[in-house]
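Here's the structure we're looking at; comments come further down.
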Amino acid sequence: MTHLHSWRLRRPLAALLFTVLALAATGCGREGSPPAKGPSADQLPHYTVASGFRLPASPTWTKAKRRGHLVIGVKEDQPYLGERDPSSGRYSGFDIEIAKMMSASLGFAPSTIVFKTIASANRETALQNGQIDLYVGTYTINPKRKKQVGFAGPYYMAGQGLLVRSDEKGIKGPQDLAGKRVCSAAGSTPYQRIKADFPRADLVGYDTYSVCVDNLLTYQVDVVTTDDAILLGYAAKAPDELKVVGKPFSREPYGIGVPRRDTALRLALDDALAAQEKNGNWKKAYEATLGLSGTPAPKPPPIDRYPAG
Amino acid sequence: MNVLLDNLSLYGEGLLGTVELTVYASLLALALGFLIAAFRVAPVGSLRAFGTVWVTVLRNTPLTLLFFAVLLGLPRFGLVLPFKLFAVLALGCYTSAFICEAVRSGINTVPAGQGEAARSLGMTFPQILGDVVLPQAFRSVIPPIGSTLIALAKNSAIAGSFSVVELLGTYKTLNELGYSIIWSFIWIAVGYLIVTLTISALFNVLEKRWGVAR
Amino acid sequence: MTTALYDLPGPRSRRRHLLYGTGASVILLALIGWIISLLFDTGQFTAQKWTPFTYKGIQELLLTGLGNTLKAFGYAAVLSMALGAVLACARLSDHRAVRWAGTVLVEFFRAMPVLVMIFFVYVALKVEPLPALVTGLTLYNGSVLAEVFRTGVNSVERGQGEAAYALGMGKTQVMTHVLVPQAVRAMLPTIISQLVVALKDTSLGFLITYEEFLHAGKLIASNLDYDLPFIPVVMIISPIYIGMCMLLSWLAHWVSRRQRRNPKVEAAEVGAAEPGTLLPGAGPGLPKPPHA
């Protein structure tokens with residue numbers, strides 16, 4: 001029985017030691033962020049905050065005004081679009097710049113924005129339950145979603161593309177997907193399209209693209225498919241391991257998600273977007289983010305001011 | 001009601017996925033659980049230590065973490081398998097720790113005197129194990145194994161978030177198709193009730209037939 | 001050590017066991033060595049994968065995640081004990097309708113996967129991640145704890161309740177002064193073990209994007225800038241998770257041993273330091289605690 005006794009003592013000690021050691025290891029650390037791969041912008045554009053802007057017709061805006069800042073839903077794992085530095089917690093990318101522009105136009109200083117990471121599958125839910133005021137994160141406008149949320153914009157036109165490992169030779173376009181393991185975000189537009197148009201592809205769905213890319217690098221899947229903008233960002237981060245192949249095979253207009261009934265906010269954002277495109281901020285924002293991947297700035301797509309209903 | 005009738009094949013697929021996961025993972029868990037239990041009562045120190053570590057670590061690991069580590073970790077070592085197999089592996093290993101403890105405590109419920117009596121009658125070790133200890137242990141472990149396997153069936157829902165087709169995951173498609181979320185969930189709940197109550201009924205029958213008279 | 005399986009070994013068996021032991025040890029060591037070499041071969045110990053952890057920002061991210069995990073656990077633990085008490089009261093009620101409602105609720109929530117409840121609250125009721133997680137955990141663990149409390153009350157020697165009634169105490173008095181204090185002491189180990197389950201299940205928050213420990217880990221692990229340090233992340237977060245759960249499990253065992261020697265719980269049977277093993281939706285074939 002004696003060895004049982006000593007084991008009884010040893011077990012909690014081991015557990016304690018485990019925890020304490022692991023915590024102690026995190027006790028001291030360097031300031032700053034670990035070095036990032038890929039190109040980065042020297043300077044981000046500044047947006048002038050609209051003073052005296054009022055939008056009492058919008059319940060979302062009124063609520064935000066009372067709170068003093070906007071809460072904006074974004075992605076956290078899309079390089080050059082919506083990325084969060086794990087170390088500093090700061091968000092960066094084209095979508096983030098759009099969010100800052102909109103915040104400035106609505107009369108809230110961009111530095112006050114509270115960003116919230118929302119997975120693709122939960123975007124509608126988050127807007128409907130008031131978890132966020134706006135959503136800016138590679139959010140494709142389509143009729144089905146318009147039944148659940150409102151869309152300002154579009155502010156960018158993307159198209160579905162394919163990301164493969166650099167050594168991949170068999171995949172040149174969507175026609176080569178049969179029998180391949182294809183990964184995308186569950187519930188996203190690209191996921192639905194592959195399911196409908198290329199039923200012979202072996203579809204894998206996660207809630208974030210970063211897990212898909214991770215799976216691609218470990219040979220668990222063969223292709224990651226989603227909008228080319230997102231894929232270019234990943235390829236720019238790991239040019240030796242990843243490449244984008246083929247031409248885009250769809251048109252994905254990115255919009256700013258707002259609560260469905262808040263037409264006042266939606267139209268105000270449309271105006272704001274038009275103004276920011278006109279004054280050159282849009283182009284500057286593109287060049288400081290997505291443009292770093294090497295693709296020159298396109299013309300922004302026409303804004304769709306659809307009627308309420 | 002429409003949600004169910006319109007999407008019968010989707011629900012069927014999901015339910016089948018859950019049942020498959022449950023059955024395969026149960027088999028793995030039972031096999032591993034009995035093996036590790038054998039290790040834990042073995043007269044060999046290193047096997048006992050291995051068994052103890054296995055049980056202690058797995059029982060104190062959150063299953064989500066285990067899924068995370070297995071499904072995203074093992075491919076890093078060049079082990080590329082279908083997701084379903086990974087899910088069975090994670091679920092089976094996790095549950096084996098609980099099965100092992102159920103079996104071990106079952107073996108411990110057999111009084112040492114019975115073994116001594118059997119040995120004094122000249123029975124050999126396999127005879128003692130097979131004719132005296134295991135039959136009695138087996139009876140007293142039916143209920144705990146039953147609840148462990150029910151827990152396994154319920155835990156299989158986690159696999160849905162790791163791109164395995166199962167019952168809970170069907171809500172995503174239904175939500176996308178615009179069906180009532182509440183009703184989608186009600187039918188998902190019914191599906192799980194069917195699975196858990198079936199296992200429960202099965203083990204109640206087993207217990208009635210083989211269980212210890214109380 | 002004698003069990004039903006074998007006696008104290010004699011010299012010959014001891015030699016044989018030594019042989020088996022050495023063999024098994026060699027195999028196990030080879031296995032461990034193989035895993036370590038595999039880790040090295042696939043480049044899991046490169047500086048690039050480990051340096052991110054030396055930065056304060058990353059450590060703070062992990063600690064914040066850990067804090068969120070503990071926060072969810074704290075809420076869930078307190079609320080599930082409260083819900084457990086309420087449901088146990090319902091199941092022990094003298095009114096048939098209340099008893100019936102309590103039974104249905106307890107059986108339903110125990111038969112449902114926690115994750116289904118969490119997703120239901122999160123997606124269908126459109127609630128934020130933390131309350132959704134806490135609600136799911138509370139409903140499930142509360143129902144299990146209700147059964148634990150009820151078993152505890154029923155396990156107190158029947159004579160005690162009868163004696164109290166004979167002294168003219170009302171039902172509430174009998175419960176609060178006689179049965180519940182003993183039941184809670186007796187069931188403390190089982191209650192703590194159930195809390196281990198709640199602590200482990202907080203990691204389900206990961207699946208509804210609650211920013212808990214595992215979520216922080218994933219954020220680091222899937223970052224291309226850090227060369228995808230997945231294995232290092234697992235190596236760091238799993239010992240912490242396992243350590244926390246082991247501490248709590250050990251507390252349950254310690255309390256269980258203490259309570260067995262405690263004269264105050266003589267009248268009740270001390271629960272095992274294991275989560276309950278009652279089958280949900282149990283039919284008549286199962287042992288029923290004696291009714292007072």
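Residue numbering restarts at 1 for every chain of the structure tokens, chains are lettered A, B, ... in their displayed order, and ligands are numbered from 1 as they appear.
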
Neighbours of segment 252-267 of chain A within 8 Å (only C-alpha atoms; same-chain residues fewer than 6 positions away dropped), as an mmCIF file with N, CA and C atoms, in the first residue's frame?
```
data_model
loop_
_atom_site.group_PDB
_atom_site.id
_atom_site.type_symbol
_atom_site.label_atom_id
_atom_site.label_comp_id
_atom_site.auth_asym_id
_atom_site.auth_seq_id
_atom_site.Cartn_x
_atom_site.Cartn_y
_atom_site.Cartn_z
ATOM 1 N N LEU A 55 -27.236 60.976 -37.466
ATOM 2 C CA LEU A 55 -28.083 60.065 -38.230
ATOM 3 C C LEU A 55 -29.152 59.493 -37.291
ATOM 4 N N ALA A 57 -32.097 58.740 -37.635
ATOM 5 C CA ALA A 57 -33.026 57.754 -38.208
ATOM 6 C C ALA A 57 -32.500 56.325 -38.051
ATOM 7 N N SER A 58 -31.202 56.200 -37.751
ATOM 8 C CA SER A 58 -30.631 54.861 -37.649
ATOM 9 C C SER A 58 -30.510 54.413 -36.186
ATOM 10 N N PRO A 59 -31.223 53.367 -35.805
ATOM 11 C CA PRO A 59 -31.106 52.883 -34.418
ATOM 12 C C PRO A 59 -29.687 52.404 -34.088
ATOM 13 N N THR A 60 -29.009 51.813 -35.074
ATOM 14 C CA THR A 60 -27.655 51.324 -34.831
ATOM 15 C C THR A 60 -26.715 52.487 -34.519
ATOM 16 N N TRP A 61 -26.849 53.547 -35.352
ATOM 17 C CA TRP A 61 -25.972 54.706 -35.154
ATOM 18 C C TRP A 61 -26.259 55.346 -33.795
ATOM 19 N N LEU A 127 -24.932 40.103 -36.618
ATOM 20 C CA LEU A 127 -25.593 41.361 -36.978
ATOM 21 C C LEU A 127 -27.016 41.387 -36.439
ATOM 22 N N GLN A 128 -27.691 40.242 -36.493
ATOM 23 C CA GLN A 128 -29.082 40.204 -36.048
ATOM 24 C C GLN A 128 -29.195 40.399 -34.545
ATOM 25 N N GLY A 130 -27.237 42.058 -32.638
ATOM 26 C CA GLY A 130 -26.679 43.323 -32.149
ATOM 27 C C GLY A 130 -25.313 43.189 -31.520
ATOM 28 N N ASP A 133 -22.153 46.336 -34.878
ATOM 29 C CA ASP A 133 -22.925 47.344 -35.610
ATOM 30 C C ASP A 133 -22.798 47.144 -37.112
ATOM 31 N N LEU A 134 -21.562 46.872 -37.549
ATOM 32 C CA LEU A 134 -21.272 46.669 -38.968
ATOM 33 C C LEU A 134 -20.451 45.409 -39.097
ATOM 34 N N TYR A 135 -20.427 44.865 -40.328
ATOM 35 C CA TYR A 135 -19.495 43.778 -40.587
ATOM 36 C C TYR A 135 -18.719 44.095 -41.846
ATOM 37 N N VAL A 136 -17.399 44.150 -41.738
ATOM 38 C CA VAL A 136 -16.562 44.363 -42.909
ATOM 39 C C VAL A 136 -15.562 43.219 -42.962
ATOM 40 N N GLY A 137 -15.848 42.200 -43.750
ATOM 41 C CA GLY A 137 -14.922 41.075 -43.797
ATOM 42 C C GLY A 137 -15.238 40.177 -44.962
ATOM 43 N N THR A 138 -14.775 40.533 -46.163
ATOM 44 C CA THR A 138 -14.949 39.717 -47.364
ATOM 45 C C THR A 138 -16.356 39.126 -47.407
ATOM 46 N N TYR A 139 -17.330 40.009 -47.295
ATOM 47 C CA TYR A 139 -18.724 39.590 -47.155
ATOM 48 C C TYR A 139 -19.422 39.783 -48.505
ATOM 49 N N THR A 140 -19.603 38.699 -49.239
ATOM 50 C CA THR A 140 -20.183 38.776 -50.578
ATOM 51 C C THR A 140 -21.673 39.117 -50.514
ATOM 52 N N ILE A 141 -22.065 40.077 -51.336
ATOM 53 C CA ILE A 141 -23.482 40.445 -51.407
ATOM 54 C C ILE A 141 -24.203 39.400 -52.262
ATOM 55 N N LYS A 146 -29.318 38.976 -48.471
ATOM 56 C CA LYS A 146 -30.058 40.233 -48.365
ATOM 57 C C LYS A 146 -31.363 40.046 -47.607
ATOM 58 N N LYS A 147 -31.838 38.801 -47.539
ATOM 59 C CA LYS A 147 -33.054 38.551 -46.755
ATOM 60 C C LYS A 147 -32.750 38.610 -45.260
ATOM 61 N N GLN A 148 -31.499 38.437 -44.895
ATOM 62 C CA GLN A 148 -31.145 38.401 -43.471
ATOM 63 C C GLN A 148 -30.452 39.674 -42.982
ATOM 64 N N VAL A 149 -29.642 40.291 -43.860
ATOM 65 C CA VAL A 149 -28.915 41.492 -43.462
ATOM 66 C C VAL A 149 -28.962 42.507 -44.596
ATOM 67 N N GLY A 150 -28.587 43.769 -44.302
ATOM 68 C CA GLY A 150 -28.493 44.780 -45.341
ATOM 69 C C GLY A 150 -27.048 44.924 -45.795
ATOM 70 N N PHE A 151 -26.841 45.365 -47.048
ATOM 71 C CA PHE A 151 -25.484 45.525 -47.558
ATOM 72 C C PHE A 151 -25.266 46.926 -48.098
ATOM 73 N N ALA A 152 -24.262 47.625 -47.571
ATOM 74 C CA ALA A 152 -23.813 48.857 -48.206
ATOM 75 C C ALA A 152 -22.691 48.476 -49.160
ATOM 76 N N GLY A 153 -22.481 49.297 -50.182
ATOM 77 C CA GLY A 153 -21.429 48.988 -51.142
ATOM 78 C C GLY A 153 -21.996 48.439 -52.427
ATOM 79 N N PRO A 154 -21.290 47.608 -53.161
ATOM 80 C CA PRO A 154 -20.028 46.958 -52.830
ATOM 81 C C PRO A 154 -18.838 47.917 -52.839
ATOM 82 N N TYR A 155 -17.811 47.534 -52.080
ATOM 83 C CA TYR A 155 -16.600 48.343 -52.042
ATOM 84 C C TYR A 155 -15.429 47.670 -52.749
ATOM 85 N N TYR A 156 -15.624 46.416 -53.181
ATOM 86 C CA TYR A 156 -14.533 45.710 -53.860
ATOM 87 C C TYR A 156 -15.129 44.556 -54.656
ATOM 88 N N MET A 157 -14.532 44.249 -55.809
ATOM 89 C CA MET A 157 -15.034 43.123 -56.603
ATOM 90 C C MET A 157 -13.984 42.019 -56.630
ATOM 91 N N ALA A 158 -14.298 40.917 -55.963
ATOM 92 C CA ALA A 158 -13.374 39.780 -55.949
ATOM 93 C C ALA A 158 -13.944 38.688 -56.846
ATOM 94 N N GLY A 159 -13.201 37.608 -57.010
ATOM 95 C CA GLY A 159 -13.693 36.474 -57.783
ATOM 96 C C GLY A 159 -13.118 35.209 -57.202
ATOM 97 N N GLN A 160 -13.848 34.108 -57.309
ATOM 98 C CA GLN A 160 -13.372 32.879 -56.679
ATOM 99 C C GLN A 160 -12.147 32.331 -57.397
ATOM 100 N N ASP A 227 -12.294 33.578 -52.385
ATOM 101 C CA ASP A 227 -12.083 34.733 -53.235
ATOM 102 C C ASP A 227 -10.596 34.978 -53.454
ATOM 103 N N PRO A 301 -16.004 48.969 -57.752
ATOM 104 C CA PRO A 301 -17.259 48.649 -58.435
ATOM 105 C C PRO A 301 -18.325 49.700 -58.140
ATOM 106 N N ARG A 305 -27.384 51.180 -54.621
ATOM 107 C CA ARG A 305 -28.292 51.714 -53.604
ATOM 108 C C ARG A 305 -29.666 51.104 -53.808
ATOM 109 N N ALA A 308 -35.315 49.999 -49.821
ATOM 110 C CA ALA A 308 -35.634 49.213 -48.627
ATOM 111 C C ALA A 308 -36.780 48.271 -48.923
#
```

Write out as a PyMOL selection string the residues lying within 8 Å of Thr22 of chain B, counting only C-alpha atoms and excluding same-chain residues fewer than 2 positions away. chain B and resi 18-20+24-26+149+152-153+156

As a VMD selection string, please: every residue in segment 204-301 of chain A that a backbone DSSP assignment puts in helix (DSSP H, G or I). chain A and resid 209 to 217 228 to 237 263 to 278 281 to 288 290 to 293

Using 6 Å as the limit and counting only C-alpha atoms, can you tabulate each residue of chain B that touches chain C, with its shortest atom-to-atom distance in Å and the two atoms involved, as a tab-separated table?
```
residue	atom	partner	partner_atom	distance
B:Val44	CA	C:Gly21	CA	5.1
B:Ser46	CA	C:Ser25	CA	5.7
B:Asn60	CA	C:Ile242	CA	5.1
B:Thr61	CA	C:Ile242	CA	5.4
B:Pro62	CA	C:Lys200	CA	4.5
B:Ala112	CA	C:Ala4	CA	3.9
B:Gly115	CA	C:Ala4	CA	4.1
B:Pro144	CA	C:Thr277	CA	5.2
B:Ser147	CA	C:Leu279	CA	5.1
B:Lys154	CA	C:Pro113	CA	4.5
B:Ile181	CA	C:Ala124	CA	5.6
B:Ile182	CA	C:Ala124	CA	5.9
B:Asn204	CA	C:Gly285	CA	5.9
```

Select all residues from chain A having any atom no more than 6 Å from an atom of chain B (counting only C-alpha atoms, ignoring ligands), output as a list in words.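 Matching residues, ligands excluded from the count: Val204, Gly205, Thr218 and Gln220 of chain A.
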
Leaving out Pro298 of chain A and any residue of its chain fewer than 4 positions from it, which residues lie within 12 Å of it when counting only C-alpha atoms, given as a list in words? Tyr155, Tyr156, Met157, Ala158, Ala229, Glu277, Trp282, Lys283, Lys284, Tyr286, Glu287, Leu290, Gly291 and Gly294 of chain A

With a distance cut-off of 10 Å and only C-alpha atoms, select the neighbouring residues of Lys75 of chain A, excluding the residue or stretch itself and same-chain residues fewer than 6 positions from it, and output the selection as a PyMOL selection string. chain A and resi 81-84+91-93+95-96+115-120+135-139+208-209

Go ahead and write the residues just picked, N, CA and C atoms, as a JSON list (two decimals), in the first residue's frame.
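Printed below is out.json as written:
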```
[["chain", "number", "residue", "atom", "x", "y", "z"],
["A", 81, "LEU", "N", -6.10, 41.58, -45.66],
["A", 81, "LEU", "CA", -7.52, 41.93, -45.73],
["A", 81, "LEU", "C", -8.04, 42.25, -44.34],
["A", 82, "GLY", "N", -8.08, 41.22, -43.51],
["A", 82, "GLY", "CA", -8.47, 41.42, -42.12],
["A", 82, "GLY", "C", -7.63, 40.48, -41.29],
["A", 83, "GLU", "N", -6.56, 41.02, -40.71],
["A", 83, "GLU", "CA", -5.63, 40.16, -39.97],
["A", 83, "GLU", "C", -5.37, 40.77, -38.60],
["A", 84, "ARG", "N", -5.30, 39.87, -37.59],
["A", 84, "ARG", "CA", -5.00, 40.36, -36.25],
["A", 84, "ARG", "C", -3.62, 39.88, -35.87],
["A", 91, "TYR", "N", -5.55, 44.98, -35.48],
["A", 91, "TYR", "CA", -6.05, 44.47, -36.74],
["A", 91, "TYR", "C", -5.48, 45.31, -37.88],
["A", 92, "SER", "N", -5.27, 44.65, -39.03],
["A", 92, "SER", "CA", -4.79, 45.40, -40.19],
["A", 92, "SER", "C", -5.32, 44.76, -41.45],
["A", 93, "GLY", "N", -5.27, 45.52, -42.57],
["A", 93, "GLY", "CA", -5.71, 44.99, -43.85],
["A", 93, "GLY", "C", -6.70, 45.91, -44.52],
["A", 95, "ASP", "N", -9.90, 45.43, -45.47],
["A", 95, "ASP", "CA", -11.21, 45.50, -44.83],
["A", 95, "ASP", "C", -11.18, 46.40, -43.60],
["A", 96, "ILE", "N", -10.07, 46.32, -42.87],
["A", 96, "ILE", "CA", -9.94, 47.14, -41.66],
["A", 96, "ILE", "C", -9.90, 48.61, -42.03],
["A", 115, "PHE", "N", -12.96, 46.19, -32.62],
["A", 115, "PHE", "CA", -13.10, 45.14, -33.62],
["A", 115, "PHE", "C", -13.44, 43.83, -32.94],
["A", 116, "LYS", "N", -14.31, 43.06, -33.58],
["A", 116, "LYS", "CA", -14.66, 41.75, -33.05],
["A", 116, "LYS", "C", -14.49, 40.73, -34.16],
["A", 117, "THR", "N", -13.79, 39.64, -33.85],
["A", 117, "THR", "CA", -13.65, 38.59, -34.84],
["A", 117, "THR", "C", -14.92, 37.77, -34.90],
["A", 118, "ILE", "N", -15.49, 37.66, -36.10],
["A", 118, "ILE", "CA", -16.70, 36.86, -36.27],
["A", 118, "ILE", "C", -16.44, 35.86, -37.39],
["A", 119, "ALA", "N", -16.69, 34.57, -37.12],
["A", 119, "ALA", "CA", -16.46, 33.54, -38.14],
["A", 119, "ALA", "C", -17.51, 33.67, -39.24],
["A", 120, "SER", "N", -17.14, 33.22, -40.44],
["A", 120, "SER", "CA", -18.04, 33.35, -41.59],
["A", 120, "SER", "C", -19.44, 32.85, -41.29],
["A", 135, "TYR", "N", -20.43, 44.87, -40.33],
["A", 135, "TYR", "CA", -19.49, 43.78, -40.59],
["A", 135, "TYR", "C", -18.72, 44.09, -41.85],
["A", 136, "VAL", "N", -17.40, 44.15, -41.74],
["A", 136, "VAL", "CA", -16.56, 44.36, -42.91],
["A", 136, "VAL", "C", -15.56, 43.22, -42.96],
["A", 137, "GLY", "N", -15.85, 42.20, -43.75],
["A", 137, "GLY", "CA", -14.92, 41.07, -43.80],
["A", 137, "GLY", "C", -15.24, 40.18, -44.96],
["A", 138, "THR", "N", -14.77, 40.53, -46.16],
["A", 138, "THR", "CA", -14.95, 39.72, -47.36],
["A", 138, "THR", "C", -16.36, 39.13, -47.41],
["A", 139, "TYR", "N", -17.33, 40.01, -47.29],
["A", 139, "TYR", "CA", -18.72, 39.59, -47.16],
["A", 139, "TYR", "C", -19.42, 39.78, -48.50],
["A", 208, "THR", "N", -12.80, 28.85, -40.45],
["A", 208, "THR", "CA", -11.89, 29.91, -40.88],
["A", 208, "THR", "C", -10.97, 29.38, -41.99],
["A", 209, "TYR", "N", -10.50, 30.32, -42.84],
["A", 209, "TYR", "CA", -9.64, 29.90, -43.95],
["A", 209, "TYR", "C", -8.26, 29.53, -43.48]]
```

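Each of C:Leu224, C:Ala97, C:Val255, C:Ile192 was checked against chain A using only C-alpha atoms; the smallest atom-to-atom distance is that of C:Leu224.
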
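Closest to Gly17 of chain B among B:Leu85, B:Ile142, B:Ala137, B:Ala201 is B:Leu85, based on only C-alpha atoms.
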
Could you list, as number ranges by chain, every residue within 10 Å of Leu179 of chain C, counting only C-alpha atoms and ignoring same-chain residues fewer than 6 positions away? C: 152-158, 160-161, 164, 172-173, 267-268

At a cut-off of 8 Å, which residues of chain C touch chain A? Count only C-alpha atoms and give the answer as a compact mmCIF listing (two decimals) with N, CA and C atoms, in the first residue's frame.
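Output file iface-v7.txt follows:
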```txt
# COMPACT_ATOMS: atom_id res chain seq x y z
N MET C 1 0.75 -6.58 -2.42
CA MET C 1 -0.56 -6.24 -2.97
C MET C 1 -1.24 -7.50 -3.49
N THR C 51 10.20 31.19 -31.03
CA THR C 51 10.45 32.56 -30.59
C THR C 51 9.17 33.38 -30.36
N PRO C 52 8.09 33.17 -31.14
CA PRO C 52 6.92 34.00 -30.84
C PRO C 52 6.52 33.97 -29.37
N PHE C 53 6.76 32.82 -28.72
CA PHE C 53 6.32 32.69 -27.33
C PHE C 53 7.15 33.52 -26.36
N THR C 54 8.29 34.03 -26.83
CA THR C 54 9.11 34.84 -25.94
C THR C 54 8.62 36.27 -25.90
N TYR C 55 7.64 36.60 -26.75
CA TYR C 55 7.13 37.98 -26.76
C TYR C 55 6.01 38.14 -25.75
N LYS C 56 6.01 39.32 -25.13
CA LYS C 56 5.04 39.61 -24.10
C LYS C 56 3.61 39.57 -24.65
N GLY C 57 3.45 40.14 -25.87
CA GLY C 57 2.12 40.21 -26.46
C GLY C 57 1.48 38.84 -26.60
N ILE C 58 2.29 37.87 -27.07
CA ILE C 58 1.79 36.51 -27.26
C ILE C 58 1.43 35.88 -25.92
N GLN C 59 2.31 36.11 -24.92
CA GLN C 59 2.03 35.55 -23.60
C GLN C 59 0.77 36.14 -23.02
N GLU C 60 0.61 37.45 -23.24
CA GLU C 60 -0.61 38.09 -22.72
C GLU C 60 -1.84 37.55 -23.42
N LEU C 61 -1.71 37.31 -24.72
CA LEU C 61 -2.83 36.74 -25.47
C LEU C 61 -3.24 35.41 -24.86
N VAL C 123 -27.01 30.16 -31.73
CA VAL C 123 -27.51 30.39 -33.08
C VAL C 123 -28.99 30.74 -33.08
N LYS C 126 -29.72 33.64 -30.56
CA LYS C 126 -28.88 34.79 -30.92
C LYS C 126 -28.31 35.50 -29.69
N VAL C 127 -27.55 34.76 -28.93
CA VAL C 127 -26.94 35.29 -27.72
C VAL C 127 -25.43 35.37 -27.97
N GLU C 128 -24.74 36.22 -27.24
CA GLU C 128 -23.29 36.33 -27.40
C GLU C 128 -22.58 35.06 -26.93
N THR C 209 -16.51 30.55 -31.25
CA THR C 209 -15.62 31.71 -31.29
C THR C 209 -15.61 32.53 -30.00
N LEU C 219 -5.12 30.94 -32.75
CA LEU C 219 -4.73 32.18 -33.42
C LEU C 219 -3.23 32.20 -33.67
N ILE C 220 -2.47 31.70 -32.70
CA ILE C 220 -1.02 31.67 -32.86
C ILE C 220 -0.62 30.54 -33.81
N SER C 222 -2.15 29.14 -36.26
CA SER C 222 -2.47 29.22 -37.68
C SER C 222 -1.88 30.47 -38.33
N ASN C 223 -0.89 31.07 -37.67
CA ASN C 223 -0.30 32.29 -38.22
C ASN C 223 0.89 31.95 -39.11
N LEU C 224 0.78 32.33 -40.38
CA LEU C 224 1.86 32.02 -41.32
C LEU C 224 3.15 32.77 -40.97
N ASP C 225 3.03 33.94 -40.32
CA ASP C 225 4.22 34.70 -39.96
C ASP C 225 5.13 33.92 -39.02
N TYR C 226 4.50 33.10 -38.17
CA TYR C 226 5.29 32.36 -37.17
C TYR C 226 5.59 30.94 -37.64
N LEU C 228 3.54 28.64 -38.67
CA LEU C 228 2.52 27.70 -38.17
C LEU C 228 2.99 26.86 -36.98
N ILE C 236 2.30 23.69 -25.32
CA ILE C 236 2.20 24.67 -24.24
C ILE C 236 0.82 24.65 -23.60
N PRO C 239 -0.46 21.01 -21.38
CA PRO C 239 -0.08 20.80 -19.97
C PRO C 239 -0.86 21.72 -19.03
N ILE C 240 -1.17 22.93 -19.47
CA ILE C 240 -1.88 23.85 -18.58
C ILE C 240 -3.32 23.37 -18.36
N ILE C 242 -4.45 20.27 -18.78
CA ILE C 242 -4.43 19.00 -18.05
C ILE C 242 -4.08 19.25 -16.59
N GLY C 243 -3.13 20.17 -16.36
CA GLY C 243 -2.73 20.47 -14.99
C GLY C 243 -3.89 21.01 -14.17
N MET C 244 -4.65 21.94 -14.76
CA MET C 244 -5.78 22.53 -14.03
C MET C 244 -6.81 21.45 -13.68
N MET C 246 -6.31 18.25 -13.48
CA MET C 246 -5.76 17.28 -12.53
C MET C 246 -5.83 17.82 -11.12
N LEU C 247 -5.54 19.12 -10.97
CA LEU C 247 -5.60 19.72 -9.64
C LEU C 247 -7.01 19.59 -9.07
N TRP C 250 -7.81 16.03 -8.26
CA TRP C 250 -7.11 15.61 -7.05
C TRP C 250 -7.82 16.17 -5.82
```

Using only C-alpha atoms, determine which residues lie at most 9 Å from segment 191-198 of chain A, disregarding the query and same-chain residues fewer than 6 positions distant; provide the list as an MDAnalysis selection string. chainID A and resid 174:175 177:178 182:185 204:205 225:226

Atomic distance atom CA of Leu133 of chain C - atom CA of Ile118 of chain C, expressed in Å with one decimal: 5.5 Å

So that I can see what lies close to segment 74-80 of chain C, please list as a PyMOL selection string the residues with an atom at most 7 Å from it, counting only C-alpha atoms and leaving out residues fewer than 6 positions away in the same chain. chain C and resi 134+137-139+141-142+195

Could you please take those selected residues and save N, CA and C atoms as a compact mmCIF listing (two decimals), in the first residue's frame?
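Wrote it out as again_28.txt, contents follow:
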```txt
# COMPACT_ATOMS: atom_id res chain seq x y z
N VAL C 134 -22.00 29.64 -21.19
CA VAL C 134 -22.33 29.44 -19.77
C VAL C 134 -23.72 28.81 -19.64
N LEU C 137 -23.47 25.06 -20.50
CA LEU C 137 -22.78 24.33 -19.44
C LEU C 137 -23.67 24.24 -18.21
N THR C 138 -24.38 25.32 -17.89
CA THR C 138 -25.21 25.35 -16.69
C THR C 138 -26.36 24.34 -16.80
N LEU C 139 -27.02 24.33 -17.97
CA LEU C 139 -28.16 23.43 -18.13
C LEU C 139 -27.71 21.98 -17.95
N ASN C 141 -24.66 20.66 -16.64
CA ASN C 141 -24.06 20.31 -15.35
C ASN C 141 -25.05 20.50 -14.20
N GLY C 142 -25.95 21.50 -14.34
CA GLY C 142 -26.97 21.68 -13.33
C GLY C 142 -27.85 20.44 -13.20
N LEU C 195 -17.49 19.38 -11.55
CA LEU C 195 -16.93 20.68 -11.94
C LEU C 195 -15.74 20.50 -12.87
```

Could you tell me which of A:Asp202, A:Asp271, A:Asp304, A:Glu97 comes closest to Val224 of chain A if we count only C-alpha atoms?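 With only C-alpha atoms as the atom set, the closest residue is A:Asp202.
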
Which of segment 68-247 of chain A fall in strand (DSSP E or B), as a VMD selection string: chain A and resid 71 to 74 77 to 78 82 to 84 91 to 92 114 to 117 134 to 135 140 149 to 158 160 to 165 181 to 185 202 to 206 223 to 227 242 to 245
